[in-house]
$ cat structure14.cif   # mmCIF, C-alpha atoms
data_coords
#
loop_
_atom_site.label_atom_id
_atom_site.label_comp_id
_atom_site.auth_asym_id
_atom_site.auth_seq_id
_atom_site.Cartn_x
_atom_site.Cartn_y
_atom_site.Cartn_z
CA MET A 21 27.40 -1.10 5.14
CA GLY A 22 25.36 2.04 4.37
CA VAL A 23 22.10 2.22 2.45
CA SER A 24 21.24 5.67 1.10
CA VAL A 25 18.05 6.67 -0.66
CA LEU A 26 17.97 9.70 -2.96
CA PRO A 27 15.07 11.74 -4.36
CA ALA A 28 14.10 10.07 -7.60
CA GLN A 29 12.84 11.11 -11.03
CA LEU A 30 11.42 8.06 -12.77
CA GLU A 31 11.45 8.06 -16.52
CA SER A 32 8.85 5.74 -18.11
CA MET A 33 5.70 3.81 -17.38
CA PHE A 34 4.04 1.47 -19.90
CA LEU A 35 5.57 0.25 -23.16
CA LEU A 36 2.83 -0.97 -25.50
CA PRO A 37 3.48 -3.40 -28.38
CA ARG A 38 1.43 -1.04 -30.57
CA ASN A 39 2.14 2.12 -32.53
CA GLN A 40 -1.04 3.85 -31.37
CA ILE A 41 -3.34 3.92 -28.35
CA PRO A 42 -6.20 1.38 -28.57
CA GLU A 43 -9.66 2.90 -28.95
CA THR A 44 -11.32 1.13 -26.00
CA PRO A 45 -10.42 0.68 -22.31
CA ASP A 46 -10.37 -3.11 -22.77
CA GLY A 47 -8.05 -2.73 -25.74
CA LEU A 48 -5.73 -0.50 -23.73
CA ALA A 49 -5.73 -2.99 -20.84
CA GLN A 50 -4.78 -5.78 -23.25
CA ALA A 51 -1.96 -3.71 -24.76
CA ILE A 52 -0.55 -2.82 -21.33
CA GLU A 53 -0.83 -6.48 -20.30
CA GLU A 54 1.08 -7.65 -23.38
CA GLY A 55 3.81 -5.11 -22.73
CA LEU A 56 4.18 -6.20 -19.11
CA ARG A 57 4.33 -9.88 -20.00
CA SER A 58 7.59 -9.29 -21.87
CA PHE A 59 9.26 -9.25 -18.44
CA VAL A 60 6.55 -10.13 -15.88
CA SER A 61 4.96 -13.56 -15.42
CA ARG A 62 1.72 -14.12 -13.49
CA PRO A 63 -0.98 -16.77 -14.05
CA ASP A 64 -3.86 -14.33 -13.67
CA ARG A 65 -4.76 -11.17 -15.52
CA MET A 66 -2.83 -8.14 -14.28
CA VAL A 67 -4.40 -5.04 -15.84
CA VAL A 68 -7.88 -3.51 -15.59
CA VAL A 69 -8.77 -0.19 -17.26
CA CYS A 70 -12.06 1.58 -16.49
CA GLY A 71 -13.73 4.50 -18.25
CA GLY A 72 -15.68 5.27 -21.37
CA ASP A 73 -13.43 7.78 -23.12
CA PRO A 74 -9.87 6.54 -23.85
CA SER A 75 -8.59 10.12 -23.58
CA ALA A 76 -10.09 10.60 -20.08
CA LEU A 77 -10.10 7.37 -18.09
CA ASP A 78 -11.39 6.67 -14.61
CA SER A 79 -8.63 4.26 -13.61
CA ILE A 80 -5.75 1.98 -14.57
CA ALA A 81 -5.09 -0.80 -12.04
CA VAL A 82 -2.18 -3.25 -12.21
CA ASP A 83 -2.12 -6.23 -9.81
CA LEU A 84 1.32 -7.86 -9.54
CA SER A 85 0.58 -10.07 -6.53
CA GLY A 86 2.29 -13.41 -7.03
CA ALA A 87 4.15 -12.17 -10.10
CA THR A 88 7.78 -12.84 -10.98
CA ILE A 89 9.77 -10.06 -12.64
CA ASP A 90 12.52 -11.12 -15.05
CA HIS A 91 15.20 -8.65 -14.07
CA HIS A 92 17.21 -9.30 -17.24
CA HIS A 93 14.33 -8.43 -19.59
CA ARG A 94 13.01 -5.26 -17.96
CA PRO A 95 12.70 -2.49 -20.57
CA PRO A 96 15.90 -0.42 -20.86
CA PRO A 97 15.77 3.34 -20.25
CA LEU A 98 13.75 4.92 -23.04
CA ASP A 99 13.75 8.41 -24.50
CA PRO A 100 10.73 10.42 -23.27
CA SER A 101 11.74 13.67 -24.98
CA GLU A 102 9.29 15.31 -27.38
CA ALA A 103 6.40 13.23 -26.06
CA ILE A 104 2.90 14.57 -26.67
CA PRO A 105 -0.28 14.39 -24.55
CA ALA A 106 -2.07 11.04 -24.65
CA MET A 107 -4.72 10.86 -21.92
CA VAL A 108 -5.78 11.88 -18.45
CA VAL A 109 -6.38 9.18 -15.82
CA ARG A 110 -8.20 9.97 -12.60
CA HIS A 111 -6.49 7.18 -10.66
CA ILE A 112 -3.55 4.81 -11.29
CA TYR A 113 -2.86 2.03 -8.83
CA ILE A 114 -0.04 -0.54 -9.06
CA SER A 115 0.40 -3.09 -6.28
CA GLY A 116 1.84 -6.49 -5.54
CA GLU A 117 2.35 -8.63 -2.45
CA PRO A 118 4.46 -10.61 -2.86
CA ILE A 119 6.46 -9.86 -6.01
CA SER A 120 9.49 -12.01 -6.77
CA ILE A 121 12.69 -10.67 -8.31
CA LEU A 122 16.30 -11.88 -8.10
CA GLY A 123 15.18 -14.77 -5.91
CA GLY A 124 13.58 -12.62 -3.21
CA ASN A 125 10.08 -11.40 -2.39
CA PHE A 126 9.00 -7.84 -1.73
CA SER A 127 5.81 -5.81 -1.73
CA PHE A 128 5.15 -2.65 -3.71
CA GLN A 129 2.35 -0.10 -3.81
CA PHE A 130 2.05 2.90 -6.10
CA GLU A 131 -0.93 5.23 -6.19
CA ALA A 132 -1.42 8.44 -8.19
CA SER A 133 -4.38 10.74 -8.79
CA ASN A 134 -5.25 13.05 -11.69
CA VAL A 135 -2.45 11.77 -13.89
CA GLU A 136 -1.43 13.15 -17.28
CA LEU A 137 0.04 10.46 -19.53
CA TYR A 138 2.11 11.46 -22.56
CA GLN A 139 3.02 9.24 -25.51
CA LYS A 140 5.96 8.73 -27.83
CA ILE A 141 6.71 6.15 -30.52
CA GLN A 142 9.83 4.10 -29.71
CA PRO A 143 12.03 1.85 -31.86
CA GLU A 144 10.25 -1.20 -33.30
CA ARG A 145 7.09 0.95 -33.49
CA LYS A 146 6.25 0.46 -29.82
CA LEU A 147 4.35 3.17 -27.97
CA LEU A 148 5.70 4.53 -24.70
CA LEU A 149 3.18 5.95 -22.22
CA ILE A 150 4.91 8.34 -19.83
CA MET A 151 3.60 9.70 -16.55
CA HIS A 152 4.12 13.39 -17.21
CA ARG A 153 2.31 14.86 -14.20
CA ALA A 154 0.27 13.75 -11.22
CA GLN A 155 -1.60 15.87 -8.73
CA ASP A 156 -0.70 13.63 -5.82
CA GLY A 157 0.64 10.17 -5.15
CA ASN A 158 2.69 7.87 -2.98
CA ILE A 159 5.04 4.90 -3.30
CA ARG A 160 5.77 2.19 -0.74
CA PHE A 161 8.39 -0.57 -1.04
CA GLU A 162 8.83 -3.24 1.64
CA ILE A 163 11.16 -6.21 2.03
CA SER A 164 11.64 -8.30 5.15
CA ARG A 165 15.08 -8.56 6.70
CA ALA A 166 14.86 -12.34 6.23
CA ALA A 167 14.13 -11.96 2.49
CA ALA A 168 17.04 -9.54 2.02
CA GLU A 169 19.25 -11.89 4.02
CA SER A 170 18.19 -14.83 1.86
CA MET A 171 19.00 -12.97 -1.37
CA ILE A 172 22.48 -12.05 -0.14
CA MET A 173 22.95 -15.60 1.17
CA LYS A 174 22.29 -17.03 -2.30
CA GLY A 175 24.94 -14.77 -3.81
CA ALA A 176 27.44 -15.58 -1.07
CA THR A 177 26.82 -19.31 -1.50
CA LYS A 178 27.56 -19.15 -5.23
CA LEU A 179 30.81 -17.32 -4.60
CA ALA A 180 31.82 -19.74 -1.84
CA GLU A 181 31.11 -22.86 -3.91
CA LYS A 182 33.69 -21.77 -6.48
CA GLN A 183 36.31 -21.91 -3.72
CA GLY A 184 35.15 -25.21 -2.24
CA VAL A 185 33.66 -23.44 0.76
CA VAL A 186 30.26 -24.36 2.24
CA VAL A 187 28.22 -21.55 3.81
CA ASP A 188 26.56 -22.72 7.02
CA ARG A 189 24.61 -19.64 8.02
CA ALA A 190 24.46 -15.91 7.49
CA GLU A 191 23.10 -12.95 9.39
CA LEU A 192 22.21 -9.46 8.20
CA GLU A 193 22.19 -6.65 10.75
CA LEU A 194 20.50 -3.36 9.89
CA SER A 195 20.31 -0.12 11.83
CA PRO A 196 18.99 3.30 10.82
CA ARG A 197 21.19 6.28 10.07
CA GLY A 198 18.91 9.27 9.69
CA PRO A 199 15.64 9.26 7.73
CA ARG A 200 17.16 8.08 4.43
CA ALA A 201 19.96 5.64 5.27
CA LEU A 202 20.69 2.31 6.90
CA ASP A 203 23.86 0.80 8.28
CA GLY A 204 24.26 -2.93 7.86
CA LYS A 205 26.65 -5.81 8.35
CA PHE A 206 26.48 -9.27 6.76
CA THR A 207 28.26 -12.01 8.69
CA VAL A 208 28.82 -15.42 7.08
CA SER A 209 29.82 -18.60 8.91
CA ALA A 210 31.29 -21.25 6.61
CA HIS A 211 33.49 -24.31 6.57
CA LYS A 212 36.12 -25.87 4.35
CA LEU A 213 37.52 -29.22 5.42
CA ILE A 214 38.23 -28.83 9.16
CA PHE A 215 38.28 -25.03 9.08
CA HIS A 216 35.34 -22.81 10.08
CA PRO A 217 36.05 -19.23 9.00
CA VAL A 218 33.72 -16.35 9.85
CA LEU A 219 33.61 -13.53 7.29
CA THR A 220 32.09 -10.08 7.54
CA LEU A 221 31.03 -8.37 4.31
CA ALA A 222 30.47 -4.63 4.19
CA GLY A 223 29.54 -2.22 1.44
CA THR A 224 27.34 0.66 0.37
CA PHE A 225 23.85 0.27 -1.08
CA ALA A 226 22.71 3.35 -2.99
CA VAL A 227 19.44 4.11 -4.77
CA SER A 228 19.60 5.94 -8.09
CA ASP A 229 17.24 8.54 -9.52
CA ASP A 230 15.07 5.80 -11.05
CA LEU A 231 14.76 3.85 -7.77
CA VAL A 232 17.34 1.20 -8.68
CA ALA A 233 19.56 0.00 -5.85
CA THR A 234 23.22 -0.75 -6.53
CA VAL A 235 26.06 -2.08 -4.40
CA ALA A 236 29.44 -0.36 -4.19
CA ASN A 237 32.63 -0.36 -2.10
CA LEU A 238 32.30 -4.02 -1.14
CA LYS A 239 34.85 -5.19 1.40
CA CYS A 240 35.53 -8.50 3.15
CA HIS A 241 37.10 -8.99 6.57
CA GLY A 242 37.86 -12.21 8.42
CA GLU A 243 39.78 -13.21 11.52
CA GLY A 244 42.65 -15.67 11.05
CA PRO A 245 44.59 -16.92 8.02
CA ILE A 246 41.82 -19.13 6.59
CA ALA A 247 39.30 -16.29 6.68
CA ALA A 248 41.87 -13.97 5.12
CA LEU A 249 42.43 -16.46 2.29
CA ALA A 250 38.68 -16.78 1.78
CA CYS A 251 38.34 -13.00 1.54
CA ALA A 252 41.20 -12.86 -0.94
CA ALA A 253 39.49 -15.53 -3.05
CA ILE A 254 36.08 -13.85 -3.26
CA THR A 255 37.16 -10.21 -3.49
CA PRO A 256 37.82 -10.38 -7.28
CA SER A 257 34.13 -11.28 -7.72
CA PHE A 258 32.96 -8.07 -6.05
CA SER A 259 33.17 -6.09 -9.28
CA LYS A 260 30.57 -8.41 -10.84
CA ILE A 261 28.28 -8.04 -7.83
CA GLU A 262 28.62 -4.28 -8.01
CA ARG A 263 27.29 -4.36 -11.58
CA HIS A 264 24.06 -6.02 -10.43
CA THR A 265 21.02 -3.86 -9.74
CA PHE A 266 17.83 -4.22 -7.72
CA PRO A 267 14.84 -2.15 -8.82
CA LEU A 268 12.77 -0.85 -5.91
CA SER A 269 9.92 0.07 -8.26
CA ALA A 270 8.02 -2.96 -9.51
CA LEU A 271 7.51 -1.19 -12.86
CA PRO A 272 9.14 1.78 -14.57
CA LEU A 273 7.04 4.79 -13.64
CA GLY A 274 6.97 8.38 -14.92
CA GLU A 275 8.37 11.89 -14.90
CA ILE A 276 7.69 12.51 -11.22
CA GLN A 277 9.84 14.03 -8.52
CA LEU A 278 9.73 12.18 -5.21
CA ARG A 279 9.57 14.04 -1.91
CA ASP A 280 9.30 13.20 1.79
CA LEU A 281 11.28 10.03 1.16
CA THR A 282 12.04 7.94 4.25
CA ILE A 283 13.53 4.52 4.96
CA ASP A 284 12.73 2.53 8.08
CA ALA A 285 14.29 -0.72 9.30
CA ALA A 286 12.12 -1.40 12.34
CA ASN A 287 10.16 -4.60 13.01
CA GLU A 288 12.44 -6.91 11.00
CA LYS A 289 11.73 -5.25 7.66
CA VAL A 290 12.92 -2.43 5.44
CA VAL A 291 10.25 0.01 4.30
CA VAL A 292 10.84 2.84 1.82
CA ARG A 293 8.09 5.46 1.50
CA ALA A 294 7.81 8.55 -0.66
CA ARG A 295 5.24 11.03 -1.88
CA PHE A 296 5.09 12.95 -5.13
CA GLY A 297 3.03 15.52 -6.96
CA SER A 298 3.94 17.68 -9.92
CA LEU A 299 0.83 19.69 -10.69
#

$ encode --input "structure14.cif" --output "structure tokens"
Amino acid sequence: MGVSVLPAQLESMFLLPRNQIPETPDGLAQAIEEGLRSFVSRPDRMVVVCGGDPSALDSIAVDLSGATIDHHHRPPPLDPSEAIPAMVVRHIYISGEPISILGGNFSFQFEASNVELYQKIQPERKLLLIMHRAQDGNIRFEISRAAAESMIMKGATKLAEKQGVVVDRAELELSPRGPRALDGKFTVSAHKLIFHPVLTLAGTFAVSDDLVATVANLKCHGEGPIAALACAAITPSFSKIERHTFPLSALPLGEIQLRDLTIDAANEKVVVRARFGSL
């Protein structure tokens, strides 16, 4: 099972439920907060904006620690073409540890300096703020092997239940393949009546240009006739799994080109790091 990570160009950042930029930093913070809460839930306030001039801000900080992201209500890809300058922000920082999505927890950090944000009105008179340029920045995504294993286990359990199979345990093995890829194998031990099949699932995890991971080329292998029957039963469901996505960015970001991207699977966790800068 290979995991490949590609250089990414991310396409949007904040979608405000307004048709114009608020005149004060507090007003902008409230608008960003309202936009985020259409797909992010967190008991505490998430957004703080500092600076006196809305066109030249000191900072925008978004704290997603303890937040849950509703994967099904994330904003769809939006059209950033013909956007016009909106503001300059000295520092943008987005972080969360942990953040929950699709039943698993991960951590995410994004930091950018000297950022140019552009704006464009979207359908329903919402205002899209786009990260057009940044002098320098970095992104870090981390998920533990146990958390990734748990997420896959939940999916495997749902598939197995439809066939009257009970999953006893599962194990995810990861190993590096170069600076931007991982090999992995997911082994499931299950039982049905007196039978105890062991299945091995393999596939390819790829990361798209907007840092969204997808699964492809799923295959199932099992020793013995019962395991073979189990594989035959769950294989038709693979197409549905392959349509699922997992966003590695906690929020949609901007028109930035990632560089120096690496993926590391040491110390029982998967860490993806990248730098960017477009000025």

$ residues_around --input "structure14.cif" --residues "Leu192 (chain A)" --least-positions-apart "3" --cutoff "10 Å" --atoms "all atoms listed in the file" --output "list of chain:residue names"
A:Arg165, A:Ala166, A:Ala168, A:Glu169, A:Ser170, A:Ile172, A:Met173, A:Gly204, A:Lys205, A:Phe206, A:Thr207, A:Val208, A:Thr220, A:Leu221

$ atom_distance --input "structure14.cif" --atom1 "CA of Val185 (chain A)" --atom2 "CA of Pro217 (chain A)"
9.6 Å

$ residues_around --input "structure14.cif" --residues "region 252-255 of chain A" --least-positions-apart "2" --cutoff "12 Å" --atoms "all atoms listed in the file" --output "number ranges by chain"
A: 175-185, 219, 221-222, 237-242, 245-250, 257-262

$ closest_residue --input "structure14.cif" --among "A:Met107, A:Ile52, A:Val60, A:Ala294" --to "His92 (chain A)" --atoms "all atoms listed in the file"
A:Val60

$ atom_distance --input "structure14.cif" --atom1 "CA of Asp284 (chain A)" --atom2 "CA of Ala201 (chain A)"
8.4 Å

$ closest_residue --input "structure14.cif" --among "A:Ala132, A:Ala76, A:Leu56, A:Val67" --to "Glu43 (chain A)" --atoms "only C-alpha atoms"
A:Ala76

$ residues_around --input "structure14.cif" --residues "Thr88 (chain A)" --least-positions-apart "4" --cutoff "7 Å" --atoms "only C-alpha atoms" --output "short mmCIF file (atom, residue, chain, number, x, y, z; two decimals) with C-alpha atoms, keeping the file's coordinate frame"
data_model
loop_
_atom_site.label_atom_id
_atom_site.label_comp_id
_atom_site.auth_asym_id
_atom_site.auth_seq_id
_atom_site.Cartn_x
_atom_site.Cartn_y
_atom_site.Cartn_z
CA VAL A 60 6.55 -10.13 -15.88
CA SER A 61 4.96 -13.56 -15.42
CA ARG A 62 1.72 -14.12 -13.49
CA ILE A 119 6.46 -9.86 -6.01
CA SER A 120 9.49 -12.01 -6.77
CA ILE A 121 12.69 -10.67 -8.31
#

$ residues_around --input "structure14.cif" --residues "Ser133 (chain A)" --least-positions-apart "6" --cutoff "10 Å" --atoms "only C-alpha atoms" --output "ChimeraX atom specification"
/A:78-79,108-113,153-158,297

$ atom_distance --input "structure14.cif" --atom1 "CA of Ile141 (chain A)" --atom2 "CA of Leu48 (chain A)"
15.7 Å

$ residues_around --input "structure14.cif" --residues "Ser209 (chain A)" --least-positions-apart "4" --cutoff "8 Å" --atoms "only C-alpha atoms" --output "list in words"
Val187, Asp188, Arg189, Ala190, His216, Pro217, Val218 and Leu219 of chain A

$ closest_residue --input "structure14.cif" --among "A:Ser195, A:Val235, A:Glu136, A:Ala51" --to "His264 (chain A)" --atoms "all atoms listed in the file"
A:Val235

$ closest_residue --input "structure14.cif" --among "A:Ile283, A:Leu149, A:Ile80, A:Ala103" --to "Ile41 (chain A)" --atoms "only C-alpha atoms"
A:Leu149

$ closest_residue --input "structure14.cif" --among "A:Met171, A:Ala285, A:Val69, A:Ile89" --to "Asp46 (chain A)" --atoms "all atoms listed in the file"
A:Val69

$ resolve_selection --input "structure14.cif" --expression "the PyMOL selection byres ((chain A and resi 87) around 12)" --output "VMD selection string"
chain A and resid 56 to 57 59 to 66 82 to 86 88 to 90 115 to 121 124 to 128 270 to 271
